[in-house]
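Undergrad: Next up, final.csv (CSV, C-alpha atoms and all ligand atoms).
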chain,number,residue,atom,x,y,z
R,1162,MET,CA,28.5,-6.6,-3.1
R,1163,ALA,CA,25.7,-4.1,-2.5
R,1164,TYR,CA,24.9,-1.5,-5.2
R,1165,THR,CA,25.1,2.3,-4.7
R,1166,GLU,CA,21.9,4.2,-5.0
R,1167,LYS,CA,23.1,5.4,-8.5
R,1168,GLU,CA,23.8,1.8,-9.6
R,1169,ALA,CA,20.4,0.7,-8.3
R,1170,ARG,CA,18.6,3.5,-10.2
R,1171,ALA,CA,20.3,2.2,-13.4
R,1172,LEU,CA,18.8,-1.2,-12.8
R,1173,PHE,CA,15.3,0.2,-12.4
R,1174,ALA,CA,15.7,2.3,-15.6
R,1175,GLN,CA,16.0,-0.9,-17.6
R,1176,HIS,CA,12.3,-1.5,-17.2
R,1177,ALA,CA,9.3,0.2,-18.8
R,1178,LYS,CA,7.8,2.9,-16.6
R,1179,TYR,CA,4.8,5.1,-17.2
R,1180,PRO,CA,5.0,8.4,-15.2
R,1181,LEU,CA,1.9,8.7,-13.0
R,1182,GLY,CA,2.9,10.4,-9.7
R,1183,PHE,CA,4.9,13.2,-8.2
R,1184,PHE,CA,8.3,11.9,-7.0
R,1185,PRO,CA,10.1,12.1,-4.7
R,1186,THR,CA,7.2,12.2,-2.3
R,1187,PRO,CA,7.8,14.5,0.7
R,1188,LEU,CA,9.7,13.3,3.8
R,1189,HIS,CA,9.4,15.4,6.9
R,1190,ARG,CA,9.9,15.2,10.7
R,1191,LEU,CA,7.0,15.0,13.1
R,1192,ASP,CA,8.4,17.4,15.8
R,1193,ARG,CA,5.6,17.1,18.3
R,1194,VAL,CA,5.2,13.4,18.2
R,1195,SER,CA,9.0,13.0,18.3
R,1196,GLU,CA,9.2,15.0,21.4
R,1197,GLU,CA,6.4,13.2,23.1
R,1198,LEU,CA,7.7,9.7,22.3
R,1199,GLY,CA,11.4,10.4,22.7
R,1200,ILE,CA,12.3,9.2,19.2
R,1201,ASP,CA,13.3,11.0,16.0
R,1202,LEU,CA,10.3,10.4,13.8
R,1203,TYR,CA,9.9,11.1,10.1
R,1204,MET,CA,7.0,10.5,7.8
R,1205,LYS,CA,7.3,9.4,4.2
R,1206,ARG,CA,4.3,10.9,2.4
R,1207,ASP,CA,3.1,8.4,-0.2
R,1208,ASP,CA,-0.3,9.8,0.4
R,1209,PHE,CA,1.0,12.5,-1.9
R,1210,THR,CA,2.0,10.3,-4.8
R,1211,GLY,CA,-0.9,11.8,-6.8
R,1212,ARG,CA,-2.4,11.9,-9.5
R,1213,ASN,CA,-5.0,13.5,-7.3
R,1214,LEU,CA,-5.9,14.0,-3.6
R,1215,PHE,CA,-6.5,10.2,-3.4
R,1216,GLY,CA,-3.0,8.9,-4.1
R,1217,GLY,CA,-1.2,6.2,-2.2
R,1218,ASN,CA,1.4,3.5,-2.3
R,1219,LYS,CA,-0.2,1.7,-5.4
R,1220,ILE,CA,0.9,4.5,-7.7
R,1221,ARG,CA,4.6,3.5,-7.4
R,1222,LYS,CA,3.7,0.0,-8.5
R,1223,LEU,CA,1.4,1.1,-11.2
R,1224,GLU,CA,4.1,3.2,-12.9
R,1225,TYR,CA,5.8,-0.1,-13.7
R,1226,LEU,CA,2.7,-2.2,-14.3
R,1227,ILE,CA,1.1,0.4,-16.6
R,1228,GLY,CA,4.5,0.7,-18.3
R,1229,GLU,CA,4.4,-3.0,-19.1
R,1230,ALA,CA,0.7,-2.9,-20.1
R,1231,LEU,CA,1.5,-0.2,-22.7
R,1232,ALA,CA,4.6,-2.0,-23.9
R,1233,GLU,CA,2.3,-5.0,-24.6
R,1234,HIS,CA,-0.2,-2.9,-26.4
R,1235,ALA,CA,-3.0,-3.7,-24.0
R,1236,GLU,CA,-6.4,-2.1,-24.3
R,1237,TYR,CA,-8.1,-3.3,-21.1
R,1238,VAL,CA,-6.5,-3.6,-17.6
R,1239,PHE,CA,-8.1,-6.0,-15.1
R,1240,THR,CA,-7.6,-5.9,-11.4
R,1241,TYR,CA,-9.0,-7.1,-8.1
R,1242,GLY,CA,-9.7,-6.1,-4.5
R,1243,ALA,CA,-12.4,-5.4,-2.0
R,1244,THR,CA,-15.2,-2.9,-2.9
R,1245,GLU,CA,-13.4,-0.2,-1.1
R,1246,SER,CA,-10.0,-1.2,-2.5
R,1247,ASN,CA,-7.5,1.7,-2.8
R,1248,HIS,CA,-5.5,-0.4,-5.3
R,1249,ALA,CA,-8.5,-0.9,-7.6
R,1250,MET,CA,-9.4,2.8,-7.5
R,1251,GLN,CA,-5.8,3.9,-8.2
R,1252,THR,CA,-5.5,1.4,-11.0
R,1253,ALA,CA,-8.6,3.0,-12.6
R,1254,VAL,CA,-6.9,6.4,-12.2
R,1255,ALA,CA,-3.7,5.2,-13.8
R,1256,CYS,CA,-5.7,3.6,-16.7
R,1257,ARG,CA,-7.5,6.8,-17.5
R,1258,LYS,CA,-4.3,8.8,-17.6
R,1259,ALA,CA,-2.7,6.2,-19.9
R,1260,GLY,CA,-5.8,5.8,-22.1
R,1261,LEU,CA,-6.5,2.2,-21.0
R,1262,LYS,CA,-9.9,0.8,-20.0
R,1263,PRO,CA,-10.1,-0.3,-16.3
R,1264,VAL,CA,-12.1,-3.5,-15.4
R,1265,LEU,CA,-12.5,-4.1,-11.7
R,1266,TYR,CA,-13.6,-7.3,-9.9
R,1267,LEU,CA,-14.5,-6.3,-6.4
R,1268,THR,CA,-15.4,-8.6,-3.5
R,1269,ALA,CA,-18.2,-7.2,-1.4
R,1270,LEU,CA,-16.7,-7.8,2.1
R,1271,VAL,CA,-19.0,-5.0,3.1
R,1272,PRO,CA,-22.3,-5.2,1.3
R,1273,VAL,CA,-22.9,-2.5,-1.3
R,1274,ASP,CA,-25.7,-0.1,-0.6
R,1275,GLU,CA,-26.5,1.4,-4.0
R,1276,SER,CA,-28.4,4.3,-2.4
R,1277,ASP,CA,-25.3,5.4,-0.5
R,1278,VAL,CA,-22.2,4.5,-2.5
R,1279,ARG,CA,-19.1,6.0,-0.9
R,1280,SER,CA,-15.4,6.5,-0.9
R,1281,ASN,CA,-13.4,4.4,-3.5
R,1282,LEU,CA,-16.4,2.7,-5.0
R,1283,LEU,CA,-17.9,6.1,-5.7
R,1284,LEU,CA,-14.6,7.2,-7.3
R,1285,ASP,CA,-14.5,4.0,-9.4
R,1286,GLN,CA,-17.9,5.1,-10.8
R,1287,VAL,CA,-16.8,8.7,-11.4
R,1288,LEU,CA,-13.8,7.2,-13.3
R,1289,GLY,CA,-16.2,5.1,-15.4
R,1290,ALA,CA,-14.5,1.8,-14.7
R,1291,GLU,CA,-16.3,-1.4,-15.6
R,1292,VAL,CA,-17.1,-2.5,-12.0
R,1293,HIS,CA,-18.1,-6.1,-11.3
R,1294,ILE,CA,-19.3,-6.7,-7.7
R,1295,VAL,CA,-18.6,-10.2,-6.4
R,1296,PRO,CA,-21.0,-10.9,-3.5
R,1297,MET,CA,-19.9,-13.1,-0.6
R,1298,HIS,CA,-22.1,-16.2,-0.8
R,1299,GLU,CA,-23.5,-18.0,2.3
R,1300,GLY,CA,-20.7,-20.1,3.9
R,1301,GLU,CA,-18.0,-18.7,1.6
R,1302,THR,CA,-14.7,-17.4,2.9
R,1303,GLU,CA,-13.1,-14.2,1.6
R,1304,ASP,CA,-10.6,-16.4,-0.3
R,1305,ASP,CA,-13.4,-18.4,-1.9
R,1306,ALA,CA,-15.1,-15.2,-3.1
R,1307,ASP,CA,-11.9,-13.8,-4.4
R,1308,GLU,CA,-11.3,-17.1,-6.3
R,1309,ARG,CA,-14.7,-16.9,-7.8
R,1310,GLY,CA,-14.1,-13.3,-8.9
R,1311,ALA,CA,-10.8,-14.4,-10.6
R,1312,GLN,CA,-12.7,-17.1,-12.5
R,1313,LEU,CA,-15.4,-14.6,-13.7
R,1314,ALA,CA,-12.7,-12.2,-14.7
R,1315,ALA,CA,-10.8,-14.9,-16.7
R,1316,ALA,CA,-14.0,-15.6,-18.6
R,1317,ARG,CA,-14.5,-11.9,-19.3
R,1318,GLN,CA,-10.9,-11.6,-20.5
R,1319,LYS,CA,-11.4,-14.6,-22.8
R,1320,GLU,CA,-14.4,-13.0,-24.3
R,1321,LEU,CA,-12.6,-9.6,-24.9
R,1322,GLU,CA,-9.5,-11.4,-26.3
R,1323,ALA,CA,-11.7,-13.3,-28.7
R,1324,GLN,CA,-13.0,-10.0,-30.0
R,1325,GLY,CA,-9.4,-8.8,-30.6
R,1326,HIS,CA,-9.0,-6.7,-27.4
R,1327,HIS,CA,-5.8,-7.3,-25.5
R,1328,CYS,CA,-6.2,-7.5,-21.7
R,1329,TYR,CA,-3.5,-6.9,-19.1
R,1330,ASP,CA,-4.0,-8.5,-15.7
R,1331,ILE,CA,-2.8,-7.0,-12.5
R,1332,PRO,CA,-3.0,-9.1,-9.3
R,1333,MET,CA,-4.6,-7.8,-6.1
R,1334,GLY,CA,-2.6,-5.0,-4.6
R,1335,GLY,CA,-0.3,-4.9,-7.7
R,1336,ALA,CA,1.8,-7.4,-5.8
R,1337,ASN,CA,4.1,-9.0,-8.4
R,1338,ARG,CA,7.7,-8.6,-9.4
R,1339,VAL,CA,6.9,-5.8,-11.8
R,1340,GLY,CA,4.8,-3.7,-9.4
R,1341,SER,CA,7.1,-4.3,-6.4
R,1342,VAL,CA,10.1,-2.8,-8.4
R,1343,GLY,CA,8.3,0.5,-7.6
R,1344,PHE,CA,8.9,0.0,-3.9
R,1345,ALA,CA,12.5,-1.1,-4.3
R,1346,GLU,CA,12.9,2.2,-6.0
R,1347,GLY,CA,10.9,3.8,-3.2
R,1348,PHE,CA,13.5,2.5,-0.7
R,1349,VAL,CA,16.3,4.0,-2.7
R,1350,GLU,CA,14.4,7.3,-2.9
R,1351,LEU,CA,14.0,7.4,0.9
R,1352,THR,CA,17.7,6.5,1.4
R,1353,GLU,CA,18.7,9.5,-0.7
R,1354,GLN,CA,16.4,11.8,1.2
R,1355,MET,CA,17.7,10.6,4.6
R,1356,GLN,CA,21.3,11.1,3.4
R,1357,ALA,CA,20.4,14.6,2.4
R,1358,LEU,CA,19.2,15.2,6.0
R,1359,VAL,CA,22.4,13.5,7.3
R,1360,LYS,CA,20.2,10.9,9.0
R,1361,HIS,CA,20.1,7.1,9.1
R,1362,ALA,CA,16.8,5.3,9.6
R,1363,ASP,CA,17.0,2.6,12.4
R,1364,TYR,CA,13.4,1.6,11.6
R,1365,ILE,CA,10.8,1.8,8.9
R,1366,TYR,CA,7.2,1.1,9.9
R,1367,HIS,CA,4.4,0.5,7.3
R,1368,ALA,CA,1.1,-1.3,6.9
R,1369,THR,CA,1.2,-4.5,4.8
R,1370,GLY,CA,-1.7,-6.2,3.0
R,1371,THR,CA,-0.7,-8.2,-0.1
R,1372,ALA,CA,3.0,-7.9,0.8
R,1373,GLY,CA,3.9,-6.1,-2.5
R,1374,THR,CA,5.1,-3.0,-0.7
R,1375,MET,CA,6.9,-5.1,1.9
R,1376,ALA,CA,8.7,-7.2,-0.7
R,1377,GLY,CA,9.7,-4.1,-2.7
R,1378,LEU,CA,11.2,-2.4,0.3
R,1379,ALA,CA,13.0,-5.6,1.3
R,1380,ALA,CA,14.5,-5.9,-2.2
R,1381,GLY,CA,15.6,-2.2,-2.1
R,1382,ARG,CA,17.2,-2.7,1.3
R,1383,LYS,CA,19.1,-5.8,0.3
R,1384,LEU,CA,20.1,-4.3,-3.0
R,1385,THR,CA,21.7,-1.3,-1.3
R,1386,GLY,CA,23.1,-3.2,1.7
R,1387,SER,CA,21.1,-1.2,4.2
R,1388,ASP,CA,20.8,-2.3,7.8
R,1389,THR,CA,17.5,-0.4,8.5
R,1390,LYS,CA,14.9,-2.7,10.2
R,1391,ILE,CA,11.6,-2.7,8.3
R,1392,ILE,CA,8.6,-3.6,10.5
R,1393,SER,CA,5.7,-4.6,8.3
R,1394,VAL,CA,2.4,-4.4,10.2
R,1395,ASN,CA,-0.3,-6.9,9.1
R,1396,VAL,CA,-3.8,-5.5,8.6
R,1397,SER,CA,-5.5,-8.9,8.5
R,1398,GLU,CA,-4.8,-12.2,10.1
R,1399,LYS,CA,-1.7,-13.9,8.7
R,1400,ASP,CA,0.8,-16.6,9.9
R,1401,ASP,CA,4.5,-16.7,9.5
R,1402,SER,CA,4.2,-18.2,6.0
R,1403,TYR,CA,3.6,-14.5,5.1
R,1404,LEU,CA,7.3,-13.9,5.7
R,1405,ASN,CA,8.2,-16.5,3.1
R,1406,LYS,CA,5.7,-15.0,0.7
R,1407,ALA,CA,7.3,-11.6,1.1
R,1408,ALA,CA,10.9,-12.9,0.8
R,1409,ASN,CA,10.0,-14.9,-2.3
R,1410,LEU,CA,8.5,-11.9,-4.0
R,1411,ALA,CA,11.5,-9.7,-3.0
R,1412,ASN,CA,13.8,-12.3,-4.6
R,1413,GLU,CA,11.7,-12.3,-7.7
R,1414,VAL,CA,12.2,-8.6,-7.9
R,1415,LEU,CA,15.9,-9.0,-7.4
R,1416,ASP,CA,16.0,-11.6,-10.2
R,1417,PHE,CA,13.9,-9.4,-12.5
R,1418,LEU,CA,16.3,-6.5,-11.9
R,1419,GLY,CA,19.3,-8.8,-12.7
R,1420,VAL,CA,20.9,-8.3,-9.3
R,1421,ALA,CA,23.9,-10.4,-8.5
R,1422,GLN,CA,23.0,-13.8,-6.9
R,1423,ASP,CA,24.8,-13.1,-3.6
R,1424,LEU,CA,22.1,-10.5,-2.7
R,1425,ARG,CA,18.9,-12.4,-1.9
R,1426,VAL,CA,16.4,-11.8,0.9
R,1427,ASP,CA,16.2,-14.4,3.7
R,1428,ALA,CA,12.8,-15.0,5.2
R,1429,ALA,CA,14.2,-15.6,8.6
R,1430,SER,CA,16.5,-12.6,9.0
R,1431,ASP,CA,15.6,-9.9,6.4
R,1432,VAL,CA,11.9,-9.4,6.8
R,1433,ALA,CA,9.9,-8.8,10.0
R,1434,ARG,CA,6.2,-8.6,10.6
R,1435,GLU,CA,4.1,-7.4,13.5
R,1436,GLY,CA,0.9,-9.5,13.5
R,1437,ASN,CA,-0.9,-8.3,16.6
R,1438,PHE,CA,-2.5,-5.1,15.4
R,1439,TYR,CA,-5.0,-6.2,12.7
R,1440,GLN,CA,-7.8,-7.0,15.1
R,1441,PRO,CA,-10.7,-7.4,14.8
R,1442,GLY,CA,-10.0,-7.9,11.1
R,1443,TYR,CA,-9.5,-6.4,7.6
R,1444,GLU,CA,-11.7,-3.3,7.1
R,1445,LYS,CA,-12.7,-3.7,10.8
R,1446,PRO,CA,-11.5,-0.9,13.0
R,1447,GLY,CA,-9.9,-1.7,16.4
R,1448,LYS,CA,-9.7,0.4,19.6
R,1449,GLU,CA,-5.9,1.0,19.2
R,1450,SER,CA,-6.1,2.0,15.6
R,1451,THR,CA,-9.0,4.4,16.3
R,1452,GLU,CA,-6.9,6.0,19.1
R,1453,ALA,CA,-3.8,6.2,16.9
R,1454,ILE,CA,-5.8,8.0,14.2
R,1455,LYS,CA,-7.0,10.6,16.7
R,1456,TYR,CA,-3.6,10.9,18.3
R,1457,LEU,CA,-1.9,11.8,15.1
R,1458,ALA,CA,-4.6,14.2,14.0
R,1459,GLN,CA,-4.6,15.9,17.4
R,1460,THR,CA,-0.8,16.2,17.8
R,1461,GLU,CA,0.3,16.9,14.2
R,1462,GLY,CA,-2.9,17.6,12.2
R,1463,LEU,CA,-2.2,14.6,10.0
R,1464,PHE,CA,-4.8,12.0,8.8
R,1465,ILE,CA,-4.2,8.3,8.5
R,1466,ASP,CA,-6.8,5.7,7.6
R,1467,PRO,CA,-8.6,3.1,9.7
R,1468,VAL,CA,-7.9,0.1,7.4
R,1469,TYR,CA,-4.1,0.4,7.0
R,1470,SER,CA,-2.0,3.1,8.5
R,1471,GLY,CA,-4.1,3.4,11.6
R,1472,LYS,CA,-3.1,-0.1,12.5
R,1473,ALA,CA,0.5,0.4,11.6
R,1474,PHE,CA,0.8,3.6,13.6
R,1475,ALA,CA,-0.9,1.9,16.6
R,1476,ALA,CA,1.9,-0.7,16.4
R,1477,LEU,CA,4.6,2.0,16.3
R,1478,LEU,CA,3.1,3.7,19.4
R,1479,ALA,CA,2.9,0.4,21.3
R,1480,HIS,CA,6.5,-0.5,20.3
R,1481,VAL,CA,7.8,2.8,21.6
R,1482,LYS,CA,5.9,2.2,24.9
R,1483,SER,CA,7.2,-1.3,25.3
R,1484,GLY,CA,10.8,-0.3,24.5
R,1485,LYS,CA,10.9,-2.5,21.4
R,1486,ILE,CA,11.8,0.8,19.6
R,1487,PRO,CA,14.6,2.1,21.9
R,1488,GLN,CA,14.5,5.8,23.0
R,1489,GLY,CA,16.4,8.0,20.6
R,1490,SER,CA,15.9,5.8,17.6
R,1491,THR,CA,15.4,7.3,14.2
R,1492,VAL,CA,12.1,6.0,12.8
R,1493,VAL,CA,10.4,6.5,9.4
R,1494,PHE,CA,6.6,5.9,9.3
R,1495,TRP,CA,5.7,5.2,5.6
R,1496,HIS,CA,2.3,6.9,5.0
R,1497,THR,CA,0.8,4.7,2.3
R,1498,GLY,CA,-2.3,6.8,1.6
R,1499,GLY,CA,-5.9,5.5,1.9
R,1500,ALA,CA,-7.5,8.4,3.6
R,1501,THR,CA,-10.6,7.8,1.5
R,1502,ALA,CA,-11.5,5.1,4.0
R,1503,LEU,CA,-12.3,7.9,6.5
R,1504,PHE,CA,-15.4,8.5,4.3
R,1505,ALA,CA,-16.3,4.8,3.7
R,1506,GLU,CA,-19.1,2.8,5.3
R,1507,GLN,CA,-19.6,3.3,9.0
R,1508,GLU,CA,-18.4,-0.3,9.8
R,1509,ILE,CA,-15.1,0.5,8.1
R,1510,VAL,CA,-14.6,3.9,9.7
R,1511,GLY,CA,-15.6,3.0,13.3
R,1512,ASP,CA,-16.2,5.6,15.9
R,1513,LEU,CA,-13.9,8.5,15.5
R,1514,SER,CA,-16.4,11.0,17.0
R,1515,THR,CA,-15.5,13.7,19.5
R,1516,LYS,CA,-18.1,15.4,21.7
R,1517,LEU,CA,-20.1,18.0,19.9
R,1518,ILE,CA,-21.2,21.1,21.8
R,1519,TYR,CA,-24.8,21.9,20.9
R,1520,GLU,CA,-25.8,25.5,21.3
R,1521,LYS,CA,-29.3,26.6,22.1
R,1601,LIG,C1,-2.6,-1.5,-0.4
R,1601,LIG,C2,-2.3,-0.6,0.8
R,1601,LIG,C3,-1.3,-1.0,1.8
R,1601,LIG,C4,-0.6,-2.3,1.7
R,1601,LIG,O1,0.2,-2.4,0.6
R,1601,LIG,P1,0.5,-3.9,0.1
R,1601,LIG,O2,1.5,-3.6,-1.0
R,1601,LIG,O3,-0.8,-4.4,-0.5
R,1601,LIG,O4,1.0,-4.7,1.2
R,1601,LIG,C5,-1.0,-0.1,2.8
R,1601,LIG,N1,-1.7,1.1,2.9
R,1601,LIG,C6,-2.7,1.4,2.1
R,1601,LIG,C7,-3.4,2.7,2.3
R,1601,LIG,C8,-3.0,0.6,1.0
R,1601,LIG,O5,-4.0,1.0,0.1
Re-express the file's structure as structure tokens.
TA:
Amino acid sequence: MAYTEKEARALFAQHAKYPLGFFPTPLHRLDRVSEELGIDLYMKRDDFTGRNLFGGNKIRKLEYLIGEALAEHAEYVFTYGATESNHAMQTAVACRKAGLKPVLYLTALVPVDESDVRSNLLLDQVLGAEVHIVPMHEGETEDDADERGAQLAAARQKELEAQGHHCYDIPMGGANRVGSVGFAEGFVELTEQMQALVKHADYIYHATGTAGTMAGLAAGRKLTGSDTKIISVNVSEKDDSYLNKAANLANEVLDFLGVAQDLRVDAASDVAREGNFYQPGYEKPGKESTEAIKYLAQTEGLFIDPVYSGKAFAALLAHVKSGKIPQGSTVVFWHTGGATALFAEQEIVGDLSTKLIYEK
């Protein structure tokens, strides 16, 4: 039997958590877009998780991850991502607040120009993180380079441990059973907010990368017996094995929380992905995402980013157009943060320009 929101919260409270953000994050209606699209559209503002202007979805996961790191008396925290990783930057933020030392292994999908360091990589430096840049070698795939980074990090951890410094390791995106508890809790938080508005979400749309957010939401949905459809929009090329990965992680979360065995996530029916909006690739802007960013800015004055939410919002717009989201549906778009990407390298940003009027 499903758990009430209150019972679910008691399960989360069993685990160590270090407060980093401002919760609940705001939930509000997008009146103008709702009217234009013929749906009842809300936005869940995880761009406002804090601790600063550059928050995002990783803060929810980091509250539990840093909670565990502190419980284990760690001194250093290691994590991984691309050079412009939101997760790596937010991990460095979380570490500084908690008095821990951040060590980042960042794969240079976009080559670093030291004379023009931007966006999250710049913030990593301001935060004084120990930043290791892992270049992409000739003929290497992204996975190869990430794997090499992980080996280099393991060697550095061994060195630090030998000197008596305890290291805590966080996987890319904070996507493990500890981190994803934060998004099971996020699902419960949204449910409570929708109940207060006397609304029920037919759909949740969000961008998915490592599947940590997706798995946490799926766990929260299963835990509370919700029938809301969660559409997770891939931001890089994936196949359907991604659904198994997300369902397995969701079930690890449910195990970790000690949830009754009859409540487990089924890869075939409880998770859904939209895989047609990542093009041309991760950190590569597409025509539809570029248009989606401008549309939201020019109808509501809201900013979403080119790497993640731009692609997820493009999928939402296309699904309304095609009727996949029926008219009159109540839809929540989960803003996962990441606006720093608007100030990243040109190849990540794409062409968002509007005609300038030059005066004489
Ligand atoms: C990391 C990230 C996501 C994806 O979250 P995952 O848990 O890795 O799937 C979505 N949006 C933004 C802005 C992110 O930084």
Undergrad: Excluding Leu1172 in chain R and residues on its chain fewer than 3 positions from it, collect all residues at most 12 Å away from it, counting all atoms listed in the file, and give them as an MDAnalysis selection string.
TA: chainID R and resid 1164:1169 1175:1177 1342:1343 1345:1346 1349 1381 1384:1385 1414:1421
Undergrad: What are the nearest atom pairs, with distances in Å to one decimal, for all residues of chain R that come at most 7 Å from ligand LIG 1601 (chain R), using only C-alpha atoms and all ligand atoms, set out by chain and rising residue number as a Markdown table?
TA:
| residue | atom | partner | partner_atom | distance |
| --- | --- | --- | --- | --- |
| R:Gly1217 | CA | R:LIG1601 | C7 | 6.1 |
| R:Asn1218 | CA | R:LIG1601 | C8 | 6.2 |
| R:Lys1219 | CA | R:LIG1601 | C1 | 6.4 |
| R:Ser1246 | CA | R:LIG1601 | O5 | 6.9 |
| R:Asn1247 | CA | R:LIG1601 | O5 | 4.6 |
| R:His1248 | CA | R:LIG1601 | O5 | 5.8 |
| R:Gly1334 | CA | R:LIG1601 | O3 | 4.5 |
| R:Ala1336 | CA | R:LIG1601 | O2 | 6.1 |
| R:Ala1368 | CA | R:LIG1601 | C5 | 4.8 |
| R:Thr1369 | CA | R:LIG1601 | O4 | 3.6 |
| R:Gly1370 | CA | R:LIG1601 | O4 | 3.6 |
| R:Thr1371 | CA | R:LIG1601 | O3 | 3.8 |
| R:Ala1372 | CA | R:LIG1601 | O4 | 3.8 |
| R:Gly1373 | CA | R:LIG1601 | O2 | 3.8 |
| R:Thr1374 | CA | R:LIG1601 | O2 | 3.7 |
| R:Met1375 | CA | R:LIG1601 | O4 | 6.0 |
| R:Asp1466 | CA | R:LIG1601 | C7 | 7.0 |
| R:Tyr1469 | CA | R:LIG1601 | N1 | 4.8 |
| R:Ser1470 | CA | R:LIG1601 | N1 | 6.0 |
| R:Thr1497 | CA | R:LIG1601 | N1 | 4.4 |
| R:Gly1498 | CA | R:LIG1601 | C7 | 4.3 |
| R:Gly1499 | CA | R:LIG1601 | C7 | 3.8 |
Undergrad: Could you check which of R:Asp1401, R:Glu1245, R:Glu1350, R:Asp1305 is closest to Ile1509 in chain R, using all atoms listed in the file?
TA: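 Nearest to Ile1509 in chain R: R:Glu1245.
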Undergrad: So which residues fall inside 10 Å of (12.6, 7.1, 22.2) if we count only C-alpha atoms? Mind giving them as number ranges by chain?
TA: R: 1195-1202, 1480-1482, 1484-1492
Undergrad: From the list R:Gly1377, R:Pro1467, R:Pro1332, R:Gly1347, which residue is nearest Leu1188 in chain R when using all atoms listed in the file?
TA: R:Gly1347
Undergrad: With distances taken over all atoms listed in the file, which of R:Lys1448, R:Arg1193, R:Lys1258, R:Lys1455 is nearest to Gly1211 in chain R?
TA: R:Lys1258
Undergrad: Residues near Phe1183 in chain R, anyone? I mean within 10 Å using all atoms listed in the file, not counting same-chain ones fewer than 3 positions away, as a list of chain:residue names.
TA: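 Those residues are R:Pro1180, R:Thr1186, R:Pro1187, R:Asp1207, R:Phe1209, R:Thr1210, R:Gly1211, R:Arg1212, R:Asn1213, R:Gly1216, R:Ile1220, R:Arg1221.
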Undergrad: Find, counting only C-alpha atoms, the residue in R:Glu1322, R:Glu1398, R:Glu1449, R:Glu1508 that gets nearest to Arg1434 in chain R.
TA: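 For Arg1434 in chain R, the nearest of the given residues is R:Glu1398.
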Undergrad: Could you jot down the CA of Val1278 in chain R to CA of Ala1255 in chain R separation for me, Å, one decimal place?
TA: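 It comes out at 21.7 Å.
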Undergrad: I'd like a table as CSV: residues in range 1324-1384 of chain R with an atom no more than 7 Å from range 1226-1239 of chain R, each row giving the shortest atom pair and its distance in Å to one decimal, all atoms listed in the file counted, sorted by chain and rising residue number.
TA:
residue,atom,partner,partner_atom,distance
R:His1326,CA,R:Glu1236,CA,6.1
R:His1327,CA,R:Ala1235,CA,4.8
R:Cys1328,CA,R:Tyr1237,CA,4.6
R:Tyr1329,CA,R:Val1238,CA,4.7
R:Asp1330,CA,R:Phe1239,CA,4.8
R:Ile1331,CA,R:Phe1239,CA,6.0
R:Val1339,CA,R:Leu1226,CA,6.1
R:Gly1340,CA,R:Leu1226,CA,5.5
Undergrad: Measuring between only C-alpha atoms, which one of R:Gln1312, R:Thr1244, R:Gln1324, R:Asn1395 shows the shortest distance to Asp1285 in chain R?
TA: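 Closest residue, counting only C-alpha atoms: R:Thr1244.
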Undergrad: Name the residues in contact with range 1288-1293 of chain R at a cut-off of 10 Å, using all atoms listed in the file, excluding same-chain residues fewer than 5 positions from it; report them as a list of chain:residue names.
TA: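 Non-adjacent residues within range: R:Phe1239, R:Tyr1241, R:Thr1244, R:Ala1249, R:Met1250, R:Thr1252, R:Ala1253, R:Val1254, R:Cys1256, R:Arg1257, R:Lys1262, R:Pro1263, R:Val1264, R:Leu1265, R:Tyr1266, R:Leu1267, R:Thr1268, R:Ala1269, R:Leu1282, R:Leu1283, R:Gly1310, R:Leu1313, R:Ala1314.
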Undergrad: Find the residue from R:Arg1206, R:His1298, R:Lys1399, R:Lys1521 that sits nearest to Gln1440 in chain R; use all atoms listed in the file when measuring.
TA: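 Once distances to Gln1440 in chain R are computed over all atoms listed in the file, the minimum belongs to R:Lys1399.
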Undergrad: Would you compute the distance between CA of Val1194 in chain R and CA of Gly1462 in chain R? Give it in Å to one decimal.
TA: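 Calculated distance between CA of Val1194 in chain R and CA of Gly1462 in chain R is 10.9 Å.
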Undergrad: What does the structure give for the distance between CA of Ile1365 in chain R and CA of Ser1393 in chain R, in Å to one decimal?
TA: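 Computing it gives 8.2 Å between the two atoms.
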Undergrad: Could you write range 1499-1503 of chain R as a JSON list (two decimals), keeping the file's coordinate frame, with N, CA, C and O atoms rebuilt where they are missing?
TA:
[["chain", "number", "residue", "atom", "x", "y", "z"],
["R", 1499, "GLY", "N", -4.64, 6.17, 1.44],
["R", 1499, "GLY", "CA", -5.90, 5.50, 1.90],
["R", 1499, "GLY", "C", -6.84, 6.28, 2.70],
["R", 1499, "GLY", "O", -7.77, 5.72, 3.27],
["R", 1500, "ALA", "N", -6.63, 7.61, 2.75],
["R", 1500, "ALA", "CA", -7.50, 8.40, 3.60],
["R", 1500, "ALA", "C", -8.97, 8.41, 3.15],
["R", 1500, "ALA", "O", -9.85, 8.77, 3.93],
["R", 1501, "THR", "N", -9.24, 7.94, 1.93],
["R", 1501, "THR", "CA", -10.60, 7.80, 1.50],
["R", 1501, "THR", "C", -11.45, 6.93, 2.42],
["R", 1501, "THR", "O", -12.65, 7.08, 2.52],
["R", 1502, "ALA", "N", -10.75, 6.01, 3.10],
["R", 1502, "ALA", "CA", -11.50, 5.10, 4.00],
["R", 1502, "ALA", "C", -12.12, 5.84, 5.16],
["R", 1502, "ALA", "O", -13.04, 5.32, 5.79],
["R", 1503, "LEU", "N", -11.66, 7.07, 5.43],
["R", 1503, "LEU", "CA", -12.30, 7.90, 6.50],
["R", 1503, "LEU", "C", -13.74, 8.24, 6.06],
["R", 1503, "LEU", "O", -14.54, 8.67, 6.90]]
